[in-house]
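Participant: What follows is the file run20.cif, containing mmCIF, C-alpha atoms:
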```cif
data_coords
loop_
_atom_site.group_PDB
_atom_site.id
_atom_site.type_symbol
_atom_site.label_atom_id
_atom_site.label_comp_id
_atom_site.auth_asym_id
_atom_site.auth_seq_id
_atom_site.Cartn_x
_atom_site.Cartn_y
_atom_site.Cartn_z
ATOM 1 C CA MET K 1 50.377 81.145 109.949
ATOM 2 C CA THR K 2 52.005 81.275 113.374
ATOM 3 C CA TYR K 3 55.425 82.759 114.057
ATOM 4 C CA TYR K 4 56.790 79.263 114.636
ATOM 5 C CA GLU K 5 55.480 78.046 111.272
ATOM 6 C CA LEU K 6 56.820 81.109 109.483
ATOM 7 C CA LEU K 7 60.269 80.761 111.003
ATOM 8 C CA ARG K 8 60.414 77.030 110.320
ATOM 9 C CA LYS K 9 59.451 77.520 106.677
ATOM 10 C CA TYR K 10 62.024 80.218 105.936
ATOM 11 C CA ARG K 11 64.799 78.646 107.967
ATOM 12 C CA LEU K 12 64.440 75.642 105.670
ATOM 13 C CA GLU K 13 64.483 77.962 102.649
ATOM 14 C CA ALA K 14 67.695 79.491 103.960
ATOM 15 C CA GLN K 15 69.295 76.055 104.195
ATOM 16 C CA LYS K 16 68.173 75.199 100.661
ATOM 17 C CA THR K 17 69.621 78.409 99.229
ATOM 18 C CA GLY K 18 72.891 78.215 101.183
ATOM 19 C CA LYS K 19 72.076 81.226 103.339
ATOM 20 C CA GLU K 20 72.328 81.678 107.100
ATOM 21 C CA LYS K 21 69.161 80.487 108.834
ATOM 22 C CA GLU K 22 70.054 82.712 111.812
ATOM 23 C CA ALA K 23 69.483 85.682 109.514
ATOM 24 C CA ILE K 24 65.803 84.764 109.292
ATOM 25 C CA ASP K 25 65.433 85.022 113.046
ATOM 26 C CA PHE K 26 67.432 88.241 113.041
ATOM 27 C CA LEU K 27 65.143 89.861 110.452
ATOM 28 C CA VAL K 28 62.063 88.982 112.503
ATOM 29 C CA LEU K 29 63.589 90.146 115.781
ATOM 30 C CA ASN K 30 64.675 93.447 114.268
ATOM 31 C CA SER K 31 61.382 94.041 112.461
ATOM 32 C CA LEU K 32 59.309 93.404 115.591
ATOM 33 C CA ASN K 33 61.849 94.918 117.992
ATOM 34 C CA LEU K 34 61.773 91.794 120.143
ATOM 35 C CA SER K 35 64.328 89.823 122.103
ATOM 36 C CA LYS K 36 64.821 86.131 121.328
ATOM 37 C CA ALA K 37 62.957 85.209 124.517
ATOM 38 C CA GLU K 38 60.050 87.487 123.613
ATOM 39 C CA LEU K 39 59.821 85.963 120.143
ATOM 40 C CA ILE K 40 59.695 82.433 121.573
ATOM 41 C CA LEU K 41 56.716 83.454 123.704
ATOM 42 C CA LYS K 42 54.922 84.543 120.508
ATOM 43 C CA TYR K 43 55.573 81.277 118.604
ATOM 44 C CA SER K 44 51.954 80.118 118.782
ATOM 45 C CA GLU K 45 50.476 83.500 117.832
ATOM 46 C CA SER K 46 49.360 84.427 114.317
ATOM 47 C CA VAL K 47 51.869 86.516 112.398
ATOM 48 C CA ILE K 48 51.149 90.228 112.129
ATOM 49 C CA ASN K 49 52.275 91.916 108.878
ATOM 50 C CA GLU K 50 53.118 88.538 107.374
ATOM 51 C CA GLY K 51 53.549 90.012 103.877
ATOM 52 C CA SER K 52 56.133 92.547 105.072
ATOM 53 C CA LEU K 53 58.192 89.859 106.783
ATOM 54 C CA ILE K 54 58.056 87.606 103.722
ATOM 55 C CA ASN K 55 59.297 90.500 101.566
ATOM 56 C CA LEU K 56 62.283 90.863 103.891
ATOM 57 C CA PHE K 57 63.017 87.149 103.651
ATOM 58 C CA GLN K 58 62.801 87.230 99.865
ATOM 59 C CA ASP K 59 65.191 90.188 99.646
ATOM 60 C CA TYR K 60 67.703 88.211 101.672
ATOM 61 C CA LEU K 61 67.164 84.747 100.201
ATOM 62 C CA TYR K 62 66.540 85.458 96.535
ATOM 63 C CA ASN K 63 67.629 89.040 95.811
ATOM 64 C CA ASN K 64 70.921 88.566 97.703
ATOM 65 C CA ILE K 65 70.571 91.811 99.640
ATOM 66 C CA PRO K 66 72.762 91.713 102.766
ATOM 67 C CA VAL K 67 70.858 91.617 106.041
ATOM 68 C CA GLN K 68 72.600 94.800 107.177
ATOM 69 C CA TYR K 69 71.204 96.724 104.205
ATOM 70 C CA ILE K 70 67.724 95.316 104.781
ATOM 71 C CA ILE K 71 67.597 96.442 108.412
ATOM 72 C CA GLY K 72 69.678 99.571 107.750
ATOM 73 C CA HIS K 73 72.366 99.187 110.386
ATOM 74 C CA THR K 74 75.183 97.054 111.734
ATOM 75 C CA TYR K 75 77.597 97.006 114.656
ATOM 76 C CA PHE K 76 81.346 97.557 114.574
ATOM 77 C CA TYR K 77 83.637 97.519 117.594
ATOM 78 C CA GLY K 78 80.587 97.711 119.831
ATOM 79 C CA LEU K 79 79.099 100.795 118.159
ATOM 80 C CA LYS K 80 76.001 101.036 115.975
ATOM 81 C CA PHE K 81 76.301 102.317 112.396
ATOM 82 C CA LYS K 82 73.713 103.073 109.768
ATOM 83 C CA VAL K 83 74.552 101.434 106.428
ATOM 84 C CA ASN K 84 73.052 101.545 102.957
ATOM 85 C CA LYS K 85 73.947 100.682 99.376
ATOM 86 C CA HIS K 86 76.339 103.655 99.161
ATOM 87 C CA VAL K 87 78.852 102.280 101.694
ATOM 88 C CA LEU K 88 80.614 99.026 102.450
ATOM 89 C CA ILE K 89 79.326 97.095 105.430
ATOM 90 C CA PRO K 90 81.957 97.358 108.214
ATOM 91 C CA ARG K 91 83.469 93.946 108.823
ATOM 92 C CA PHE K 92 85.158 92.182 111.704
ATOM 93 C CA ASP K 93 88.401 92.036 109.674
ATOM 94 C CA SER K 94 88.718 95.812 109.975
ATOM 95 C CA GLU K 95 88.721 95.566 113.763
ATOM 96 C CA ILE K 96 92.285 94.243 113.391
ATOM 97 C CA LEU K 97 93.273 97.655 112.013
ATOM 98 C CA ILE K 98 91.677 99.323 115.041
ATOM 99 C CA GLU K 99 93.597 96.997 117.374
ATOM 100 C CA CYS K 100 96.864 97.863 115.611
ATOM 101 C CA ILE K 101 96.192 101.566 116.129
ATOM 102 C CA PHE K 102 95.445 101.106 119.824
ATOM 103 C CA LYS K 103 98.589 99.021 120.359
ATOM 104 C CA ASN K 104 100.878 101.553 118.697
ATOM 105 C CA LEU K 105 99.451 104.897 119.802
ATOM 106 C CA ASP K 106 99.518 106.579 123.192
ATOM 107 C CA LEU K 107 95.997 107.159 124.540
ATOM 108 C CA ASN K 108 97.314 110.179 126.453
ATOM 109 C CA LYS K 109 98.552 111.963 123.320
ATOM 110 C CA ASN K 110 96.632 114.087 120.850
ATOM 111 C CA TYR K 111 97.096 113.263 117.180
ATOM 112 C CA THR K 112 96.006 114.541 113.803
ATOM 113 C CA ILE K 113 94.581 111.735 111.689
ATOM 114 C CA LEU K 114 93.516 111.404 108.068
ATOM 115 C CA ASP K 115 91.125 108.578 107.163
ATOM 116 C CA ILE K 116 91.145 107.933 103.392
ATOM 117 C CA GLY K 117 88.009 106.282 102.006
ATOM 118 C CA THR K 118 85.983 106.557 105.188
ATOM 119 C CA GLY K 119 82.731 105.037 103.857
ATOM 120 C CA SER K 120 80.321 104.729 106.791
ATOM 121 C CA GLY K 121 82.858 106.496 109.009
ATOM 122 C CA ALA K 122 83.305 103.400 111.196
ATOM 123 C CA LEU K 123 87.099 103.529 111.629
ATOM 124 C CA SER K 124 87.233 107.240 112.407
ATOM 125 C CA ILE K 125 84.271 107.142 114.777
ATOM 126 C CA VAL K 126 85.691 104.263 116.826
ATOM 127 C CA ILE K 127 89.090 105.970 117.031
ATOM 128 C CA LYS K 128 87.513 109.256 118.087
ATOM 129 C CA LYS K 129 85.671 107.473 120.899
ATOM 130 C CA TYR K 130 88.992 106.317 122.359
ATOM 131 C CA PHE K 131 91.013 109.434 121.439
ATOM 132 C CA PRO K 132 88.460 112.209 122.067
ATOM 133 C CA ASN K 133 90.979 115.049 121.763
ATOM 134 C CA THR K 134 92.395 113.835 118.465
ATOM 135 C CA VAL K 135 91.522 115.820 115.329
ATOM 136 C CA ILE K 136 90.294 113.541 112.543
ATOM 137 C CA ASP K 137 89.694 114.442 108.908
ATOM 138 C CA ALA K 138 87.790 111.648 107.145
ATOM 139 C CA ILE K 139 87.394 111.733 103.377
ATOM 140 C CA ASP K 140 85.627 109.836 100.636
ATOM 141 C CA ILE K 141 85.073 110.376 96.928
ATOM 142 C CA SER K 142 81.360 109.593 97.401
ATOM 143 C CA SER K 143 79.103 112.415 98.582
ATOM 144 C CA LYS K 144 76.500 109.820 99.617
ATOM 145 C CA ALA K 145 79.065 108.079 101.811
ATOM 146 C CA ILE K 146 80.058 111.365 103.438
ATOM 147 C CA GLU K 147 76.394 112.143 104.103
ATOM 148 C CA LEU K 148 75.916 108.808 105.879
ATOM 149 C CA ALA K 149 79.198 109.088 107.803
ATOM 150 C CA LYS K 150 78.041 112.440 109.189
ATOM 151 C CA GLU K 151 74.827 110.783 110.378
ATOM 152 C CA ASN K 152 76.829 108.055 112.076
ATOM 153 C CA SER K 153 79.030 110.586 113.853
ATOM 154 C CA LYS K 154 75.898 112.205 115.299
ATOM 155 C CA ILE K 155 74.466 108.836 116.349
ATOM 156 C CA ASN K 156 77.718 108.071 118.179
ATOM 157 C CA ASN K 157 78.175 111.598 119.507
ATOM 158 C CA VAL K 158 81.614 112.373 118.107
ATOM 159 C CA ASP K 159 82.986 115.358 116.206
ATOM 160 C CA ILE K 160 84.851 114.484 112.996
ATOM 161 C CA ASN K 161 85.593 116.551 109.889
ATOM 162 C CA PHE K 162 83.974 114.629 107.017
ATOM 163 C CA PHE K 163 84.390 115.957 103.485
ATOM 164 C CA GLU K 164 84.717 114.849 99.885
ATOM 165 C CA SER K 165 88.165 114.251 98.442
ATOM 166 C CA ASP K 166 89.605 111.954 95.802
ATOM 167 C CA ILE K 167 92.511 110.717 97.928
ATOM 168 C CA PHE K 168 94.574 113.894 98.509
ATOM 169 C CA SER K 169 92.776 116.191 96.035
ATOM 170 C CA ASN K 170 91.223 118.367 98.771
ATOM 171 C CA ILE K 171 93.922 117.891 101.420
ATOM 172 C CA ASN K 172 96.270 120.776 102.180
ATOM 173 C CA LYS K 173 97.868 119.970 105.530
ATOM 174 C CA LYS K 174 100.012 117.326 107.240
ATOM 175 C CA TYR K 175 99.045 114.564 109.667
ATOM 176 C CA ASP K 176 100.600 112.416 112.348
ATOM 177 C CA ILE K 177 98.658 109.377 111.203
ATOM 178 C CA VAL K 178 97.063 108.220 107.958
ATOM 179 C CA ILE K 179 94.677 105.272 107.930
ATOM 180 C CA SER K 180 92.903 103.633 105.026
ATOM 181 C CA ASN K 181 90.884 100.589 104.095
ATOM 182 C CA PRO K 182 90.901 101.249 100.338
ATOM 183 C CA PRO K 183 89.311 99.171 97.568
ATOM 184 C CA TYR K 184 91.670 96.220 97.084
ATOM 185 C CA ILE K 185 89.765 93.492 95.240
ATOM 186 C CA SER K 186 91.038 92.722 91.755
ATOM 187 C CA VAL K 187 88.498 93.549 89.046
ATOM 188 C CA ASP K 188 88.551 89.965 87.762
ATOM 189 C CA GLU K 189 87.954 88.357 91.162
ATOM 190 C CA GLU K 190 84.605 86.626 91.600
ATOM 191 C CA LEU K 191 82.618 87.708 94.659
ATOM 192 C CA SER K 192 79.617 86.260 96.445
ATOM 193 C CA PRO K 193 76.194 87.533 95.301
ATOM 194 C CA GLU K 194 75.753 89.418 98.595
ATOM 195 C CA VAL K 195 79.083 91.243 98.368
ATOM 196 C CA LYS K 196 78.269 92.219 94.778
ATOM 197 C CA GLN K 197 75.403 94.296 96.202
ATOM 198 C CA GLU K 198 77.906 96.594 97.905
ATOM 199 C CA PRO K 199 79.266 99.639 96.033
ATOM 200 C CA HIS K 200 81.767 98.507 93.414
ATOM 201 C CA ILE K 201 83.679 101.785 93.703
ATOM 202 C CA ALA K 202 84.550 100.774 97.279
ATOM 203 C CA LEU K 203 85.436 97.175 96.402
ATOM 204 C CA TYR K 204 87.424 96.951 93.180
ATOM 205 C CA ALA K 205 90.816 98.304 92.174
ATOM 206 C CA ASN K 206 92.909 97.941 89.031
ATOM 207 C CA TYR K 207 96.390 96.401 88.866
ATOM 208 C CA ASN K 208 95.464 93.277 90.828
ATOM 209 C CA GLY K 209 93.862 95.373 93.532
ATOM 210 C CA LEU K 210 96.970 97.485 94.148
ATOM 211 C CA TYR K 211 95.965 100.727 92.400
ATOM 212 C CA PHE K 212 94.969 102.719 95.480
ATOM 213 C CA TYR K 213 97.984 101.675 97.532
ATOM 214 C CA GLU K 214 100.203 103.012 94.753
ATOM 215 C CA GLU K 215 98.175 106.227 94.491
ATOM 216 C CA ILE K 216 98.223 106.834 98.238
ATOM 217 C CA LEU K 217 101.862 105.978 98.818
ATOM 218 C CA LYS K 218 103.354 107.850 95.862
ATOM 219 C CA ASN K 219 102.074 111.160 97.251
ATOM 220 C CA ILE K 220 101.802 110.523 100.982
ATOM 221 C CA ASN K 221 105.122 112.120 102.004
ATOM 222 C CA LYS K 222 103.695 115.585 101.353
ATOM 223 C CA TYR K 223 100.963 114.973 103.916
ATOM 224 C CA LEU K 224 102.906 113.385 106.782
ATOM 225 C CA ASN K 225 104.505 115.039 109.780
ATOM 226 C CA LYS K 226 108.066 114.113 110.708
ATOM 227 C CA ASN K 227 107.103 111.327 113.128
ATOM 228 C CA PHE K 228 104.260 109.413 111.538
ATOM 229 C CA TYR K 229 102.263 106.207 111.356
ATOM 230 C CA VAL K 230 100.384 104.787 108.377
ATOM 231 C CA PHE K 231 97.906 101.941 108.901
ATOM 232 C CA LEU K 232 96.554 100.162 105.819
ATOM 233 C CA GLU K 233 94.127 97.270 105.609
ATOM 234 C CA ILE K 234 95.156 94.895 102.824
ATOM 235 C CA GLY K 235 94.020 91.788 100.979
ATOM 236 C CA TYR K 236 95.588 88.650 102.410
ATOM 237 C CA THR K 237 97.697 87.971 99.285
ATOM 238 C CA GLN K 238 98.987 91.524 98.812
ATOM 239 C CA ALA K 239 101.532 92.109 101.582
ATOM 240 C CA ASN K 240 104.691 91.472 99.569
ATOM 241 C CA GLU K 241 103.661 93.671 96.645
ATOM 242 C CA ILE K 242 102.570 96.513 98.912
ATOM 243 C CA LYS K 243 105.831 96.288 100.870
ATOM 244 C CA LYS K 244 107.649 96.750 97.555
ATOM 245 C CA ILE K 245 105.592 99.884 96.848
ATOM 246 C CA ILE K 246 106.391 101.212 100.330
ATOM 247 C CA LYS K 247 110.094 100.585 99.848
ATOM 248 C CA LYS K 248 110.033 102.294 96.456
ATOM 249 C CA ARG K 249 108.013 105.324 97.558
ATOM 250 C CA LEU K 250 109.160 105.847 101.157
ATOM 251 C CA GLY K 251 112.416 103.937 101.323
ATOM 252 C CA ILE K 252 111.485 102.160 104.554
ATOM 253 C CA ASP K 253 110.333 98.719 105.621
ATOM 254 C CA ALA K 254 106.860 97.928 106.927
ATOM 255 C CA GLU K 255 105.329 95.592 109.469
ATOM 256 C CA VAL K 256 102.655 93.091 108.425
ATOM 257 C CA VAL K 257 100.023 92.092 110.990
ATOM 258 C CA LYS K 258 97.949 88.933 110.634
ATOM 259 C CA ASP K 259 94.301 88.494 111.535
ATOM 260 C CA LEU K 260 92.860 85.800 113.805
ATOM 261 C CA GLN K 261 92.890 83.323 110.917
ATOM 262 C CA GLY K 262 96.619 83.852 110.430
ATOM 263 C CA LEU K 263 96.127 85.818 107.196
ATOM 264 C CA ASP K 264 97.947 89.067 106.354
ATOM 265 C CA ARG K 265 95.492 91.869 107.121
ATOM 266 C CA VAL K 266 97.206 95.153 108.075
ATOM 267 C CA ILE K 267 100.420 96.920 107.107
ATOM 268 C CA ILE K 268 101.989 99.412 109.498
ATOM 269 C CA ILE K 269 104.460 102.026 108.275
ATOM 270 C CA LYS K 270 106.125 104.200 110.872
ATOM 271 C CA GLU K 271 108.901 106.738 111.304
ATOM 272 C CA GLU K 272 109.624 107.807 114.872
#
```
Give the structure from the file, written as structure tokens.

Facilitator:
Amino acid sequence: MTYYELLRKYRLEAQKTGKEKEAIDFLVLNSLNLSKAELILKYSESVINEGSLINLFQDYLYNNIPVQYIIGHTYFYGLKFKVNKHVLIPRFDSEILIECIFKNLDLNKNYTILDIGTGSGALSIVIKKYFPNTVIDAIDISSKAIELAKENSKINNVDINFFESDIFSNINKKYDIVISNPPYISVDEELSPEVKQEPHIALYANYNGLYFYEEILKNINKYLNKNFYVFLEIGYTQANEIKKIIKKRLGIDAEVVKDLQGLDRVIIIKEE
């Protein structure tokens, strides 16, 4: 079988199964370490390691394994991150949170930042790239996530303090800024087969997805300096309920920021 025949066959399979046919090309390009132009030049050649490529296609098409897990990495805000089944795959939606941070903070100032539920470390690592003198503590309840986040910090050449903590359980100091993209999907919400492959502990939350916002906000005052910012990624239907929690716990109002689709995506709490 030639590369052209292989690609044609599995692109059609992708269409039949409702998957992205571009992912088929991506798996081949990544496996062979080729550019698109280089692959086109090989179209008429016989496929090398055909069985290995077919196994990759089957994992994607029929076992519903996300492409990022199959190849072992993804990109977020222009940086490369290793990912595996122990962490959520960083998504474009979370870049809105990064943009909010950059718009509100002074690049010439040094801050202390706490990242709650860091996962792959993507948020903290991007922030550290732009605020190199800022001290960042990034925590997660998962030791496997912390292990991977440390690898990603080395890949991207930044120095961040990664350690295990169940929210504030191992935190004993105050911060200028707290950021978090916590689990916020309701336990009864139906997800796509691919998303179901990601760690449930990082996806689902009780009380209609609001559990971790309540847990973070009811104790956060003890860990904030006098002038502070809190940046939270949220589900697009949750803004009003989370604003109520903020008002109850902190007694202040919050700003809601929409994503490019016009959906509520980030809540900003600040006291200056």

Participant: So, counting only C-alpha atoms, which residue among K:Asp176, K:Lys128, K:Leu56, K:Asp115 is closest to Glu164 of chain K?

Facilitator: K:Asp115

Participant: Which residues would end up in the selection if the PyMOL selection byres ((chain K and resi 255) around 8) were applied here, given that I need the answer as a list in words?

Facilitator: Asp253, Ala254, Val256, Val257, Ile267, Ile268 and Ile269 of chain K

Participant: From the options K:Thr237, K:Thr2, K:Asn84, K:Asn152, which residue's atoms come nearest to Val47 of chain K, counting all atoms listed in the file?

Facilitator: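 Once distances to Val47 of chain K are computed over all atoms listed in the file, the minimum belongs to K:Thr2.
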
Participant: Any chance you could work out the residue set of the PyMOL selection byres ((chain K and resi 235) around 9) here, as a VMD selection string?

Facilitator: chain K and resid 184 to 185 209 233 to 234 236 to 239 263 to 266

Participant: Apply the PyMOL selection byres ((chain K and resi 205) around 9) to the file shown and report the selected residues as a count of residues only.

Facilitator: 17

Participant: Rounded to one decimal in Å, what is the spacing between atom CA of Ile220 of chain K and atom CA of Asn181 of chain K?

Facilitator: 15.1 Å

Participant: Would you please work out which residue, of K:Lys174, K:Lys243, K:Lys36, K:Lys80, is nearest to Val126 of chain K when using all atoms listed in the file?

Facilitator: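 Between K:Lys174, K:Lys243, K:Lys36, K:Lys80, the residue approaching Val126 of chain K most closely is K:Lys80.
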
Participant: Would you mind listing what lies within 8 Å of Ile116 of chain K as an MDAnalysis selection string, with all atoms listed in the file counted and same-chain residues fewer than 6 positions away left out?

Facilitator: chainID K and resid 138:140 167 178:182

Participant: Using only C-alpha atoms, which residue out of K:Ile155, K:Leu39, K:Ile245, K:Ile89 lies closest to Asn219 of chain K?

Facilitator: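 The answer is K:Ile245, which sits nearest to Asn219 of chain K.
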
Participant: Return the single residue from K:Val67, K:Leu260, K:Ala145, K:Leu79 that is closest to Ala23 of chain K, with distances computed using all atoms listed in the file.

Facilitator: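 Closest candidate: K:Val67.
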
Participant: When you count only C-alpha atoms, which of these residues is closest to Lys222 of chain K: K:Leu250, K:Leu7, K:Ile242, K:Ile125?

Facilitator: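 Closest to Lys222 of chain K, using only C-alpha atoms: K:Leu250.
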
Participant: Quick check, in Å to one decimal: how far apart do atom CA of Asn64 of chain K and atom CA of Gln197 of chain K lie?

Facilitator: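 Computed distance, atom CA of Asn64 of chain K to atom CA of Gln197 of chain K, equals 7.4 Å.
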
Participant: Dump as a JSON list (two decimals) with C-alpha atoms, keeping the file's coordinate frame all residues having an atom at most 12 Å from (86.7, 113.7, 112.7), computed in the file's coordinates with all atoms listed in the file.

Facilitator:
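The resulting point_14.json:
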```json
[["chain", "number", "residue", "atom", "x", "y", "z"],
["K", 111, "TYR", "CA", 97.10, 113.26, 117.18],
["K", 112, "THR", "CA", 96.01, 114.54, 113.80],
["K", 113, "ILE", "CA", 94.58, 111.74, 111.69],
["K", 114, "LEU", "CA", 93.52, 111.40, 108.07],
["K", 115, "ASP", "CA", 91.12, 108.58, 107.16],
["K", 116, "ILE", "CA", 91.14, 107.93, 103.39],
["K", 118, "THR", "CA", 85.98, 106.56, 105.19],
["K", 121, "GLY", "CA", 82.86, 106.50, 109.01],
["K", 122, "ALA", "CA", 83.30, 103.40, 111.20],
["K", 123, "LEU", "CA", 87.10, 103.53, 111.63],
["K", 124, "SER", "CA", 87.23, 107.24, 112.41],
["K", 125, "ILE", "CA", 84.27, 107.14, 114.78],
["K", 126, "VAL", "CA", 85.69, 104.26, 116.83],
["K", 127, "ILE", "CA", 89.09, 105.97, 117.03],
["K", 128, "LYS", "CA", 87.51, 109.26, 118.09],
["K", 129, "LYS", "CA", 85.67, 107.47, 120.90],
["K", 131, "PHE", "CA", 91.01, 109.43, 121.44],
["K", 132, "PRO", "CA", 88.46, 112.21, 122.07],
["K", 133, "ASN", "CA", 90.98, 115.05, 121.76],
["K", 134, "THR", "CA", 92.40, 113.84, 118.46],
["K", 135, "VAL", "CA", 91.52, 115.82, 115.33],
["K", 136, "ILE", "CA", 90.29, 113.54, 112.54],
["K", 137, "ASP", "CA", 89.69, 114.44, 108.91],
["K", 138, "ALA", "CA", 87.79, 111.65, 107.14],
["K", 139, "ILE", "CA", 87.39, 111.73, 103.38],
["K", 146, "ILE", "CA", 80.06, 111.36, 103.44],
["K", 149, "ALA", "CA", 79.20, 109.09, 107.80],
["K", 150, "LYS", "CA", 78.04, 112.44, 109.19],
["K", 152, "ASN", "CA", 76.83, 108.06, 112.08],
["K", 153, "SER", "CA", 79.03, 110.59, 113.85],
["K", 154, "LYS", "CA", 75.90, 112.20, 115.30],
["K", 156, "ASN", "CA", 77.72, 108.07, 118.18],
["K", 157, "ASN", "CA", 78.18, 111.60, 119.51],
["K", 158, "VAL", "CA", 81.61, 112.37, 118.11],
["K", 159, "ASP", "CA", 82.99, 115.36, 116.21],
["K", 160, "ILE", "CA", 84.85, 114.48, 113.00],
["K", 161, "ASN", "CA", 85.59, 116.55, 109.89],
["K", 162, "PHE", "CA", 83.97, 114.63, 107.02],
["K", 163, "PHE", "CA", 84.39, 115.96, 103.48]]
```

Participant: Quick check, in Å to one decimal: how far apart do atom CA of Leu12 of chain K and atom CA of Asn30 of chain K lie?

Facilitator: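 About the pair atom CA of Leu12 of chain K and atom CA of Asn30 of chain K: they are 19.8 Å apart.
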
Participant: Mind checking which residues fall within 8 Å of Tyr69 of chain K, counting all atoms listed in the file, ignoring those fewer than 3 positions away in the same chain, and posting them as a list of chain:residue names?

Facilitator: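 So, after excluding close chain neighbours, the residues are K:Ile65, K:Pro66, K:Gly72, K:His73, K:Val83, K:Asn84, K:Lys85.
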
Participant: Given 3 Å on each side, where is the centre and what are the edge lengths in Å to one decimal of the axis-aligned box enclosing the listed atoms of segment 248-266 of chain K, as lines of an AutoDock Vina configuration file?

Facilitator:
```
center_x = 102.6
center_y = 94.6
center_z = 105.1
size_x = 25.6
size_y = 28.5
size_z = 23.3
```
